[in-house]
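File shown here: run.cif, holding mmCIF, C-alpha atoms and all ligand atoms.
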```cif
data_coords
#
loop_
_atom_site.label_atom_id
_atom_site.label_comp_id
_atom_site.auth_asym_id
_atom_site.auth_seq_id
_atom_site.Cartn_x
_atom_site.Cartn_y
_atom_site.Cartn_z
CA THR N 1 -162.35 4.75 -58.86
CA PRO N 2 -164.61 7.80 -58.69
CA VAL N 3 -163.24 10.59 -56.51
CA ASP N 4 -165.24 13.63 -55.44
CA LEU N 5 -162.95 16.64 -55.76
CA HIS N 6 -165.07 18.71 -53.40
CA GLU N 7 -164.57 16.12 -50.67
CA VAL N 8 -160.82 15.97 -51.30
CA LEU N 9 -160.46 19.76 -51.26
CA SER N 10 -162.52 20.17 -48.14
CA GLU N 11 -160.42 17.62 -46.27
CA ALA N 12 -157.17 19.09 -47.64
CA ALA N 13 -158.28 22.56 -46.53
CA ASP N 14 -159.16 21.28 -43.05
CA ARG N 15 -155.73 19.74 -42.63
CA SER N 16 -154.00 23.03 -43.47
CA ARG N 17 -156.18 25.14 -41.20
CA LEU N 18 -154.14 24.66 -38.04
CA PRO N 19 -150.77 25.73 -39.53
CA ALA N 20 -152.60 28.55 -41.32
CA GLU N 21 -154.17 29.78 -38.11
CA SER N 22 -150.77 30.44 -36.56
CA LYS N 23 -150.22 33.03 -39.32
CA ASN N 24 -153.81 34.20 -39.14
CA ILE N 25 -154.40 33.03 -42.70
CA GLU N 26 -157.97 32.17 -43.55
CA ILE N 27 -158.58 29.28 -45.95
CA ARG N 28 -161.84 29.52 -47.85
CA LEU N 29 -163.36 26.83 -50.01
CA GLY N 30 -165.88 28.02 -52.55
CA GLY N 31 -168.44 25.86 -54.33
CA SER N 32 -170.31 23.00 -52.73
CA LEU N 33 -171.20 20.71 -55.61
CA PRO N 34 -169.58 17.32 -55.95
CA ARG N 35 -167.26 17.07 -58.95
CA ARG N 36 -166.35 13.54 -59.76
CA VAL N 37 -163.14 12.53 -61.48
CA HIS N 38 -161.64 9.14 -62.08
CA GLY N 39 -158.50 8.36 -60.12
CA ASP N 40 -156.62 7.83 -56.90
CA GLY N 41 -158.08 9.81 -54.00
CA ASP N 42 -154.92 9.58 -51.88
CA GLN N 43 -152.69 10.87 -54.66
CA LEU N 44 -155.06 13.70 -55.48
CA MET N 45 -155.24 14.55 -51.78
CA MET N 46 -151.44 14.69 -51.65
CA ALA N 47 -151.31 16.95 -54.71
CA PHE N 48 -153.89 19.44 -53.42
CA ARG N 49 -152.38 19.43 -49.95
CA ASN N 50 -149.05 20.40 -51.52
CA LEU N 51 -150.61 23.33 -53.33
CA ILE N 52 -152.50 24.55 -50.26
CA ASP N 53 -149.43 24.04 -48.08
CA ASN N 54 -147.38 26.18 -50.49
CA ALA N 55 -150.04 28.88 -50.54
CA VAL N 56 -149.90 29.12 -46.74
CA ARG N 57 -146.12 28.76 -46.49
CA TYR N 58 -145.31 31.48 -49.03
CA SER N 59 -147.79 34.01 -47.71
CA PRO N 60 -147.41 36.63 -44.99
CA GLU N 61 -149.65 36.87 -41.96
CA ASN N 62 -153.21 38.16 -42.14
CA THR N 63 -153.90 37.08 -45.70
CA ARG N 64 -156.34 34.72 -47.38
CA VAL N 65 -156.07 31.53 -49.34
CA GLY N 66 -159.00 30.83 -51.63
CA ILE N 67 -159.88 27.48 -53.10
CA GLY N 68 -162.31 27.41 -55.99
CA LEU N 69 -163.99 24.49 -57.71
CA SER N 70 -165.98 24.79 -60.90
CA SER N 71 -166.78 22.85 -64.02
CA ARG N 72 -166.96 23.61 -67.71
CA ASP N 73 -167.38 21.37 -70.74
CA GLY N 74 -166.72 18.25 -68.69
CA ILE N 75 -163.51 19.63 -67.18
CA ALA N 76 -163.30 20.27 -63.45
CA GLN N 77 -161.25 23.30 -62.57
CA VAL N 78 -159.63 23.88 -59.20
CA THR N 79 -157.98 27.19 -58.37
CA ILE N 80 -155.80 27.85 -55.35
CA THR N 81 -155.15 31.54 -54.87
CA ASP N 82 -152.92 33.23 -52.34
CA GLN N 83 -151.89 36.79 -51.52
CA GLY N 84 -148.31 35.79 -50.91
CA ILE N 85 -144.84 36.64 -52.14
CA GLY N 86 -145.55 35.55 -55.72
CA ILE N 87 -143.18 34.02 -58.24
CA ALA N 88 -141.06 35.98 -60.71
CA GLN N 89 -141.70 35.39 -64.40
CA GLU N 90 -138.28 33.78 -64.93
CA ASP N 91 -138.94 31.21 -62.18
CA GLN N 92 -142.47 30.31 -63.20
CA GLU N 93 -141.56 27.53 -65.63
CA ARG N 94 -138.86 26.08 -63.44
CA ILE N 95 -140.69 25.68 -60.13
CA PHE N 96 -142.29 22.45 -61.40
CA GLU N 97 -138.83 20.90 -61.74
CA ARG N 98 -137.60 18.59 -59.03
CA PHE N 99 -135.64 20.31 -56.25
CA TYR N 100 -136.08 23.75 -57.79
CA ARG N 101 -136.68 26.42 -55.18
CA VAL N 102 -136.75 30.16 -55.70
CA ASP N 103 -134.04 32.09 -53.84
CA THR N 104 -132.30 29.43 -51.78
CA ALA N 105 -131.45 31.83 -48.97
CA ARG N 106 -135.09 32.70 -48.46
CA SER N 107 -136.27 29.16 -49.04
CA ARG N 108 -133.91 27.79 -46.43
CA GLN N 109 -135.83 29.72 -43.79
CA THR N 110 -139.12 28.14 -44.79
CA GLY N 111 -137.88 24.55 -45.06
CA GLY N 112 -138.99 22.09 -47.73
CA THR N 113 -137.24 20.03 -50.35
CA GLY N 114 -138.43 21.56 -53.61
CA LEU N 115 -140.20 18.33 -54.54
CA GLY N 116 -143.79 19.35 -53.86
CA LEU N 117 -144.70 20.85 -57.22
CA SER N 118 -142.95 18.17 -59.26
CA ILE N 119 -145.12 15.62 -57.46
CA VAL N 120 -148.22 17.74 -58.07
CA LYS N 121 -147.45 17.93 -61.78
CA HIS N 122 -146.84 14.20 -61.93
CA VAL N 123 -150.05 13.24 -60.13
CA ILE N 124 -152.21 15.61 -62.15
CA SER N 125 -150.81 14.50 -65.50
CA ASN N 126 -151.28 10.87 -64.45
CA HIS N 127 -154.95 11.77 -64.09
CA GLY N 128 -155.11 13.23 -67.58
CA GLY N 129 -155.06 16.80 -66.28
CA GLU N 130 -152.82 19.83 -66.31
CA VAL N 131 -151.53 22.47 -63.89
CA SER N 132 -151.00 26.10 -64.78
CA LEU N 133 -149.83 29.12 -62.88
CA TRP N 134 -150.52 32.82 -62.79
CA SER N 135 -148.38 34.90 -60.49
CA GLN N 136 -147.04 38.36 -59.91
CA GLN N 137 -144.19 39.02 -57.54
CA GLY N 138 -145.32 40.65 -54.32
CA ARG N 139 -148.99 40.18 -55.19
CA GLY N 140 -149.71 36.50 -55.03
CA SER N 141 -150.20 33.37 -57.08
CA THR N 142 -153.00 31.28 -58.51
CA PHE N 143 -152.43 27.64 -59.36
CA THR N 144 -155.09 26.16 -61.65
CA VAL N 145 -155.64 22.43 -61.98
CA ARG N 146 -157.87 21.02 -64.72
CA LEU N 147 -159.06 17.45 -64.62
CA PRO N 148 -161.48 15.59 -66.91
CA GLU N 149 -164.72 14.86 -65.03
CA LEU N 150 -166.40 11.50 -64.95
CA ASP N 151 -169.16 11.42 -67.49
CA GLU N 152 -172.19 11.09 -65.21
CA SER N 153 -174.51 10.41 -68.13
CA MET N 154 -172.69 7.11 -68.72
CA ASP N 155 -174.03 5.78 -65.41
CA SER N 156 -177.59 5.90 -66.56
CA VAL N 157 -177.03 4.43 -70.02
CA ASP N 158 -178.58 0.99 -69.89
CA LEU N 159 -176.93 -1.17 -72.49
CA PRO N 160 -178.55 -4.42 -73.58
CA SER N 161 -176.77 -7.23 -71.76
CA SER N 162 -175.34 -8.68 -74.99
CA SER N 163 -173.36 -5.53 -75.74
CA ARG N 164 -171.91 -5.49 -72.22
CA THR N 165 -169.99 -8.68 -72.87
CA GLU N 166 -166.34 -8.06 -73.70
CA PRO N 167 -165.41 -9.29 -77.15
CA GLU N 168 -162.83 -12.07 -76.91
CA GLY N 169 -159.21 -11.08 -77.13
CA GLN N 170 -159.94 -7.45 -76.31
CA PRO N 171 -158.32 -5.87 -73.28
CA SER N 172 -161.06 -5.04 -70.80
CA ASP N 173 -159.26 -2.13 -69.20
CA GLN N 174 -158.92 0.22 -72.10
CA ASN N 175 -158.29 3.76 -70.89
P1 LIG P 201 -141.63 20.95 -50.51
O1 LIG P 201 -142.95 21.24 -51.15
O2 LIG P 201 -140.93 19.79 -51.14
O3 LIG P 201 -141.70 20.89 -49.04
P2 LIG P 201 -141.00 23.52 -51.65
O4 LIG P 201 -142.29 24.09 -51.17
O5 LIG P 201 -139.80 24.40 -51.62
O6 LIG P 201 -140.65 22.19 -50.81
P3 LIG P 201 -142.29 23.14 -54.18
O7 LIG P 201 -143.60 22.98 -53.53
O8 LIG P 201 -141.93 22.27 -55.33
O9 LIG P 201 -141.11 22.97 -53.13
O10 LIG P 201 -142.16 24.64 -54.67
C1 LIG P 201 -140.97 25.06 -55.38
C2 LIG P 201 -140.69 26.52 -55.14
O11 LIG P 201 -141.69 27.30 -55.79
C3 LIG P 201 -140.75 26.94 -53.67
O12 LIG P 201 -139.52 26.75 -53.03
C4 LIG P 201 -141.11 28.41 -53.78
O13 LIG P 201 -139.93 29.15 -54.04
C5 LIG P 201 -141.98 28.47 -55.02
N1 LIG P 201 -143.43 28.45 -54.70
C6 LIG P 201 -144.26 27.38 -54.73
N2 LIG P 201 -145.53 27.72 -54.43
C7 LIG P 201 -145.51 29.05 -54.21
C8 LIG P 201 -146.52 30.02 -53.86
N3 LIG P 201 -147.80 29.68 -53.69
N4 LIG P 201 -146.11 31.32 -53.72
C9 LIG P 201 -144.83 31.67 -53.91
N5 LIG P 201 -143.84 30.81 -54.25
C10 LIG P 201 -144.17 29.52 -54.39
MG MG P 202 -144.09 22.89 -51.41
#
```

Render the structure in this file as structure tokens.
Amino acid sequence: TPVDLHEVLSEAADRSRLPAESKNIEIRLGGSLPRRVHGDGDQLMMAFRNLIDNAVRYSPENTRVGIGLSSRDGIAQVTITDQGIGIAQEDQERIFERFYRVDTARSRQTGGTGLGLSIVKHVISNHGGEVSLWSQQGRGSTFTVRLPELDESMDSVDLPSSSRTEPEGQPSDQN
């Protein structure tokens, strides 16, 4: 099913605005063009909500969370940037593991199970994409998600009706 990432991000951002407001954190969504990918809108929503929720949760008051959406060579790129506590180099690989949380004493204060990012990674790789992370302790973090876009040009290709017919014995749901 086609999913418009801009729509998903705008709804995900809206849902985080109330909790963000209590810390006076502004959530900004850049870009206004639709970017269509193939997949499950609910799962993608859950993944992006997790990332935005983390950005707000691990940031101090009076900061900003920026959400960017762009496209290059048929790949949609989403960035979620915060000005929060950041993640030390030695933790950066491990935070995508299930139940892994940085500094349990600190994490206990902020709640959570440590599952969020493992779910994000799972959902994004199920959609043929990847998640990467840039972070510096005390400065903030940027999570980047790349997802293959739907090839819009395919919509307008008008095949002769004979070549639309599935050959017998071939699975019709390849890829
Ligand atoms: P849950 O998402 O299940 O409620 P959680 O937020 O602790 O709990 P993850 O989302 O998987 O779990 O994140 C794992 C750990 O990575 C967090 O506990 C936190 O230490 C660190 N982390 C994640 N996102 C950020 C961020 N934007 N800034 C700083 N640290 C982060
Ligand atoms: Mg989380």

- Measure the distance from CA of Leu133 in chain N to CA of Pro2 in chain N in Å and round it to one decimal.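 Taking CA of Leu133 in chain N and CA of Pro2 in chain N, their separation equals 26.3 Å.
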
- Item | Spatial neighbours of Met45 in chain N, 7 Å, only C-alpha atoms, chain gap at least 3 places, as a list in words |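 Listing them by chain and then by number gives Val8, Ala12, Gly41, Asp42, Phe48 and Arg49 of chain N.
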
- Just the residues within 10 Å of Asp82 in chain N, please, counting only C-alpha atoms, with nothing from its chain fewer than 5 positions along; format it as JSON, numbers by chain. {"N": [25, 27, 52, 54, 55, 56, 58, 59, 60, 63, 64, 65, 66, 67, 135, 139, 140, 141, 142, 143]}

Closest atom pairs, residues of chain N within 7 Å of ligand LIG 201 (chain P), all atoms listed in the file, as JSON lines:
```
{"residue": "N:Asn50", "atom": "CA", "partner": "P:LIG201", "partner_atom": "O1", "distance": 6.2}
{"residue": "N:Leu51", "atom": "CA", "partner": "P:LIG201", "partner_atom": "N2", "distance": 6.8}
{"residue": "N:Asn54", "atom": "CA", "partner": "P:LIG201", "partner_atom": "N2", "distance": 4.6}
{"residue": "N:Ala55", "atom": "CA", "partner": "P:LIG201", "partner_atom": "N3", "distance": 3.9}
{"residue": "N:Tyr58", "atom": "CA", "partner": "P:LIG201", "partner_atom": "N4", "distance": 4.8}
{"residue": "N:Ser59", "atom": "CA", "partner": "P:LIG201", "partner_atom": "N4", "distance": 6.8}
{"residue": "N:Asp82", "atom": "CA", "partner": "P:LIG201", "partner_atom": "N3", "distance": 6.4}
{"residue": "N:Gly84", "atom": "CA", "partner": "P:LIG201", "partner_atom": "N4", "distance": 5.7}
{"residue": "N:Ile85", "atom": "CA", "partner": "P:LIG201", "partner_atom": "C9", "distance": 5.3}
{"residue": "N:Gly86", "atom": "CA", "partner": "P:LIG201", "partner_atom": "C9", "distance": 4.3}
{"residue": "N:Ile87", "atom": "CA", "partner": "P:LIG201", "partner_atom": "N5", "distance": 5.2}
{"residue": "N:Ile95", "atom": "CA", "partner": "P:LIG201", "partner_atom": "O11", "distance": 4.7}
{"residue": "N:Phe96", "atom": "CA", "partner": "P:LIG201", "partner_atom": "O8", "distance": 6.1}
{"residue": "N:Arg98", "atom": "CA", "partner": "P:LIG201", "partner_atom": "O8", "distance": 6.8}
{"residue": "N:Phe99", "atom": "CA", "partner": "P:LIG201", "partner_atom": "O8", "distance": 6.7}
{"residue": "N:Tyr100", "atom": "CA", "partner": "P:LIG201", "partner_atom": "C1", "distance": 5.6}
{"residue": "N:Arg101", "atom": "CA", "partner": "P:LIG201", "partner_atom": "O12", "distance": 3.6}
{"residue": "N:Val102", "atom": "CA", "partner": "P:LIG201", "partner_atom": "O13", "distance": 3.7}
{"residue": "N:Asp103", "atom": "CA", "partner": "P:LIG201", "partner_atom": "O13", "distance": 6.6}
{"residue": "N:Ser107", "atom": "CA", "partner": "P:LIG201", "partner_atom": "O12", "distance": 5.7}
{"residue": "N:Gly111", "atom": "CA", "partner": "P:LIG201", "partner_atom": "O3", "distance": 6.6}
{"residue": "N:Gly112", "atom": "CA", "partner": "P:LIG201", "partner_atom": "O3", "distance": 3.2}
{"residue": "N:Thr113", "atom": "CA", "partner": "P:LIG201", "partner_atom": "O2", "distance": 3.8}
{"residue": "N:Gly114", "atom": "CA", "partner": "P:LIG201", "partner_atom": "O9", "distance": 3.1}
{"residue": "N:Leu115", "atom": "CA", "partner": "P:LIG201", "partner_atom": "O2", "distance": 3.8}
{"residue": "N:Gly116", "atom": "CA", "partner": "P:LIG201", "partner_atom": "O1", "distance": 3.4}
{"residue": "N:Leu117", "atom": "CA", "partner": "P:LIG201", "partner_atom": "O8", "distance": 3.6}
{"residue": "N:Ser118", "atom": "CA", "partner": "P:LIG201", "partner_atom": "O8", "distance": 5.8}
{"residue": "N:Gly140", "atom": "CA", "partner": "P:LIG201", "partner_atom": "N4", "distance": 6.4}
{"residue": "N:Ser141", "atom": "CA", "partner": "P:LIG201", "partner_atom": "N3", "distance": 5.6}
```

Where is the centre and how long are the edges: axis-aligned box on range 74-90 of chain N, 5 Å on each side, Å to one decimal, as lines of an AutoDock Vina configuration file:
```
center_x = -152.5
center_y = 27.5
center_z = -59.8
size_x = 38.4
size_y = 28.5
size_z = 27.8
```

- Query: To one decimal place, how far is CA of Arg146 in chain N from CA of Val3 in chain N in Å?
  - Reply: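 Here the two named atoms are 14.3 Å from each other.
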
- Message: Quick one: residues within 12 Å of Asp73 in chain N, only C-alpha atoms, excluding same-chain residues fewer than 4 positions away - as JSON, numbers by chain?
- Response: {"N": [77, 146, 147, 148, 149, 150, 151]}

- Message: Using all atoms listed in the file, can you tell me which of N:His38, N:Gln83, N:Lys23, N:Gly68 comes closest to His6 in chain N?
- Response: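 Using all atoms listed in the file, His6 in chain N sits closest to N:Gly68.
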
- Work out how far CA of Arg28 in chain N is from CA of Asp14 in chain N, in Å to one decimal.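 Computing it gives 9.9 Å between the two atoms.
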
- Identify, on the basis of only C-alpha atoms, every residue whose closest approach to Gly39 in chain N does not exceed 10 Å; exclude the query and any residue fewer than 6 positions from it along the same chain; express the result as a list of chain:residue names.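 Within the cut-off, the hits are N:Thr1, N:Pro2, N:Val3, N:Asp4, N:Val123, N:Ile124, N:Asn126, N:His127, N:Gly128, N:Leu150.
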